[in-house]
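For reference, the structure is listed below as structure tokens.
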Amino acid sequence: MATASTPLLLATAYRPRTGGGGGGLHVRARARDAPPRWGHRRLVVWSVASDQGVQGSVSPEEEIPSVLNPTDSLAITSNIKHHAEFTPLFSPEHFSPQKAYHATTKSVLDTLIMNWNSTYDYYNRTNVKQAYYLSMEFLQGRALTNAVGNLELTGQYAEALNQLGKNLEDIATQEPDAALGNGGLGRLASCFLDSLATLNYPAWGYGLRYRYGLFKQIITKDGQEEWLAIYDCILIFQMENPWEIVRNGISYPVRFYGKVVEGTDGRKHWIGGENIKAVAHDIPIPGYKTKTTNNLRLWSMTVPAQDFNLDAFNVGDYTSAYEAHLNAEKICHILYPGDESLEWKLLRLKQ
């Protein structure tokens, strides 16, 4: 029996004992705290798992196209070399470990995106109910070894990198932890996302894209010291996060303060206050030995371009000119800001 975690107890799933499509997961939607009532009408959600994960067959019209067939290491080598040459993050002279890491990640991401697109195309076509897991933190850990392992391509990537004079384990150490969490709760949230994808649940993760993760721990002769871990620069010579896809076309206005007034048209309008724009950043979450690849969507904060105070900038008042941007960006600076002052408490409330 596949069950969701307590915060996601949106439905109870079971395998049918006889007939009726064989490979489907039957999900009975119910209230979070209500006991299951087997007389209710059931919602059938066809599994998007690979044949290894489901007994029986999946409807050919609804099956996600497979991209999990064994991949030749020579083809992977060629793909890595392509990204090393045409992804302009590093100088072309040397195939450094950092460059090899980014090229390998982009190669893996090619496969993940195919699964990712197929997964959500399937969800849209079948109009399945989806679960949304909201968390203040996601402590994901390193993604490269997790992704190639879930895709069952560890051996192929190890051989491909050997042909390029590199070692997969050495390349994997070039990736820092994505420090979007503070400990157990963040790790549990990430485990939920991995499990949901592995069990083929249609689900999303939602959180904030912190600029400074908590925390990088250093042991010195005086004991433990904690340092901020820069996430959005991914700690590799201030380079981009190669797993992240910025969705500039997906943004939403968020309003703080202000007031509601009635206009001449008789309709009520929200005026004044802070006008924030939330921009989506997507990270694929692959399941283990399955084609299902769900999405972790993190939000960064900015303001519309018209909120930049050009007049203040032109007279040298740069702080005032950029004040709106700073107020927006500080929402995602760190996880769990201090709450000793009223300003810090307001910042936590905004988060």
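Just so we're on the same page: first chain in the structure tokens is A, next is B, and so on; residues restart at 1 for each chain, and ligands are numbered from 1 in the order they show up.
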
Exercise for the section: Find the residues around segment 194-202 of chain A up to 6 Å (only C-alpha atoms counted), leave out those fewer than 2 positions away in its own chain, and share them as a PyMOL selection string. Expected result: chain A and resi 130+191-192+287-288+292+294

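Neighbouring residues of Thr105 of chain A at 9 Å or closer, counting only C-alpha atoms and skipping chain neighbours under 5 positions away, are Ile80, Ala100, Asp110, Ala143, Leu144, Pro242 and Trp243 of chain A.
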
Practice task
From a DSSP pass on the backbone, collect the residues of segment 249-350 of chain A flagged as helix (DSSP H, G or I) and hand them back as a VMD selection string.
Solution key: chain A and resid 305 to 307 310 to 314 318 to 321 323 to 332 342 to 350

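Nearest residue to Thr119 of chain A among A:Thr145, A:Ser135, A:Ser107, A:Thr293 is A:Thr293, counting only C-alpha atoms.
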
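Close contacts of Ala278 of chain A, defined as residues with an atom at most 6 Å away when counting only C-alpha atoms, with chain neighbours fewer than 6 positions off set aside, comprise Ser251, Tyr252, Trp299, Ser300 and Met301 of chain A.
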
Could you dump the residues just selected with C-alpha atoms as a PDB file, in the first residue's frame?
```pdb
ATOM      1  CA  SER A 251       5.396  35.765 -11.747  1.00  0.00           C
ATOM      2  CA  TYR A 252       2.711  37.015  -9.405  1.00  0.00           C
ATOM      3  CA  TRP A 299      10.057  31.881  -5.338  1.00  0.00           C
ATOM      4  CA  SER A 300      12.434  34.825  -5.461  1.00  0.00           C
ATOM      5  CA  MET A 301      11.294  38.367  -4.743  1.00  0.00           C
TER       6      MET A 301
END
```

Practice task
Have a look at A:Ala160, A:Ile334, A:Val246, A:Leu296 and name the one nearest to Asp72 of chain A; count only C-alpha atoms.
Solution key: A:Ala160

Practice task
Write out as a PyMOL selection string the residues lying within 7 Å of Leu161 of chain A, counting only C-alpha atoms and excluding same-chain residues fewer than 6 positions away.
Solution key: chain A and resi 77+167-168

Problem - Surrounding residues of Asp177 of chain A excluding itself and chain neighbours under 3 positions, 8 Å, only C-alpha atoms, as a ChimeraX atom specification - result: /A:140-142

Who sits within 10 Å of Gln163 of chain A, only C-alpha atoms, same chain under 4 positions skipped, as a PDB file with all heavy atoms, in the first residue's frame:
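Now in selection-v3.pdb:
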```
ATOM      1  N   SER A  73      27.502   4.970 -23.183  1.00  0.00           N
ATOM      2  CA  SER A  73      28.440   5.894 -22.549  1.00  0.00           C
ATOM      3  C   SER A  73      29.108   6.799 -23.577  1.00  0.00           C
ATOM      4  O   SER A  73      29.469   7.941 -23.266  1.00  0.00           O
ATOM      5  CB  SER A  73      29.492   5.126 -21.747  1.00  0.00           C
ATOM      6  OG  SER A  73      30.242   4.276 -22.592  1.00  0.00           O
ATOM      7  N   LEU A  74      29.286   6.322 -24.816  1.00  0.00           N
ATOM      8  CA  LEU A  74      29.876   7.164 -25.851  1.00  0.00           C
ATOM      9  C   LEU A  74      28.970   8.349 -26.178  1.00  0.00           C
ATOM     10  O   LEU A  74      29.449   9.472 -26.394  1.00  0.00           O
ATOM     11  CB  LEU A  74      30.141   6.335 -27.112  1.00  0.00           C
ATOM     12  CG  LEU A  74      31.251   5.285 -27.009  1.00  0.00           C
ATOM     13  CD1 LEU A  74      31.338   4.469 -28.302  1.00  0.00           C
ATOM     14  CD2 LEU A  74      32.591   5.950 -26.708  1.00  0.00           C
ATOM     15  N   THR A  77      29.316  10.765 -23.334  1.00  0.00           N
ATOM     16  CA  THR A  77      30.580  11.488 -23.474  1.00  0.00           C
ATOM     17  C   THR A  77      30.441  12.626 -24.472  1.00  0.00           C
ATOM     18  O   THR A  77      30.881  13.760 -24.227  1.00  0.00           O
ATOM     19  CB  THR A  77      31.699  10.533 -23.919  1.00  0.00           C
ATOM     20  OG1 THR A  77      31.849   9.486 -22.969  1.00  0.00           O
ATOM     21  CG2 THR A  77      33.021  11.281 -24.058  1.00  0.00           C
ATOM     22  N   TYR A 157      27.523   7.087 -16.726  1.00  0.00           N
ATOM     23  CA  TYR A 157      28.163   8.389 -16.521  1.00  0.00           C
ATOM     24  C   TYR A 157      29.571   8.237 -15.966  1.00  0.00           C
ATOM     25  O   TYR A 157      30.476   9.013 -16.307  1.00  0.00           O
ATOM     26  CB  TYR A 157      27.306   9.275 -15.620  1.00  0.00           C
ATOM     27  CG  TYR A 157      26.341  10.115 -16.411  1.00  0.00           C
ATOM     28  CD1 TYR A 157      25.068   9.646 -16.718  1.00  0.00           C
ATOM     29  CD2 TYR A 157      26.719  11.363 -16.894  1.00  0.00           C
ATOM     30  CE1 TYR A 157      24.187  10.391 -17.478  1.00  0.00           C
ATOM     31  CE2 TYR A 157      25.848  12.129 -17.657  1.00  0.00           C
ATOM     32  CZ  TYR A 157      24.582  11.642 -17.946  1.00  0.00           C
ATOM     33  OH  TYR A 157      23.724  12.394 -18.711  1.00  0.00           O
ATOM     34  N   ALA A 158      29.776   7.235 -15.122  1.00  0.00           N
ATOM     35  CA  ALA A 158      31.127   6.987 -14.616  1.00  0.00           C
ATOM     36  C   ALA A 158      32.061   6.616 -15.760  1.00  0.00           C
ATOM     37  O   ALA A 158      33.200   7.114 -15.846  1.00  0.00           O
ATOM     38  CB  ALA A 158      31.093   5.876 -13.565  1.00  0.00           C
ATOM     39  N   GLU A 159      31.599   5.759 -16.668  1.00  0.00           N
ATOM     40  CA  GLU A 159      32.429   5.358 -17.803  1.00  0.00           C
ATOM     41  C   GLU A 159      32.666   6.521 -18.758  1.00  0.00           C
ATOM     42  O   GLU A 159      33.773   6.706 -19.268  1.00  0.00           O
ATOM     43  CB  GLU A 159      31.750   4.203 -18.548  1.00  0.00           C
ATOM     44  CG  GLU A 159      32.576   3.658 -19.709  1.00  0.00           C
ATOM     45  CD  GLU A 159      31.906   2.478 -20.392  1.00  0.00           C
ATOM     46  OE1 GLU A 159      30.936   1.925 -19.826  1.00  0.00           O
ATOM     47  OE2 GLU A 159      32.351   2.134 -21.506  1.00  0.00           O
ATOM     48  N   ASN A 167      36.749  11.500 -12.917  1.00  0.00           N
ATOM     49  CA  ASN A 167      36.141  10.485 -12.067  1.00  0.00           C
ATOM     50  C   ASN A 167      34.813  11.016 -11.557  1.00  0.00           C
ATOM     51  O   ASN A 167      34.731  12.151 -11.076  1.00  0.00           O
ATOM     52  CB  ASN A 167      37.080  10.157 -10.905  1.00  0.00           C
ATOM     53  CG  ASN A 167      36.492   9.109  -9.967  1.00  0.00           C
ATOM     54  OD1 ASN A 167      35.708   9.437  -9.090  1.00  0.00           O
ATOM     55  ND2 ASN A 167      36.875   7.853 -10.166  1.00  0.00           N
TER      56      ASN A 167
END
```

Handout entry: Shell around segment 305-313 of chain A at 10 Å using only C-alpha atoms, local window under 3 positions removed, as number ranges by chain
Key = A: 274-276, 302, 316-325
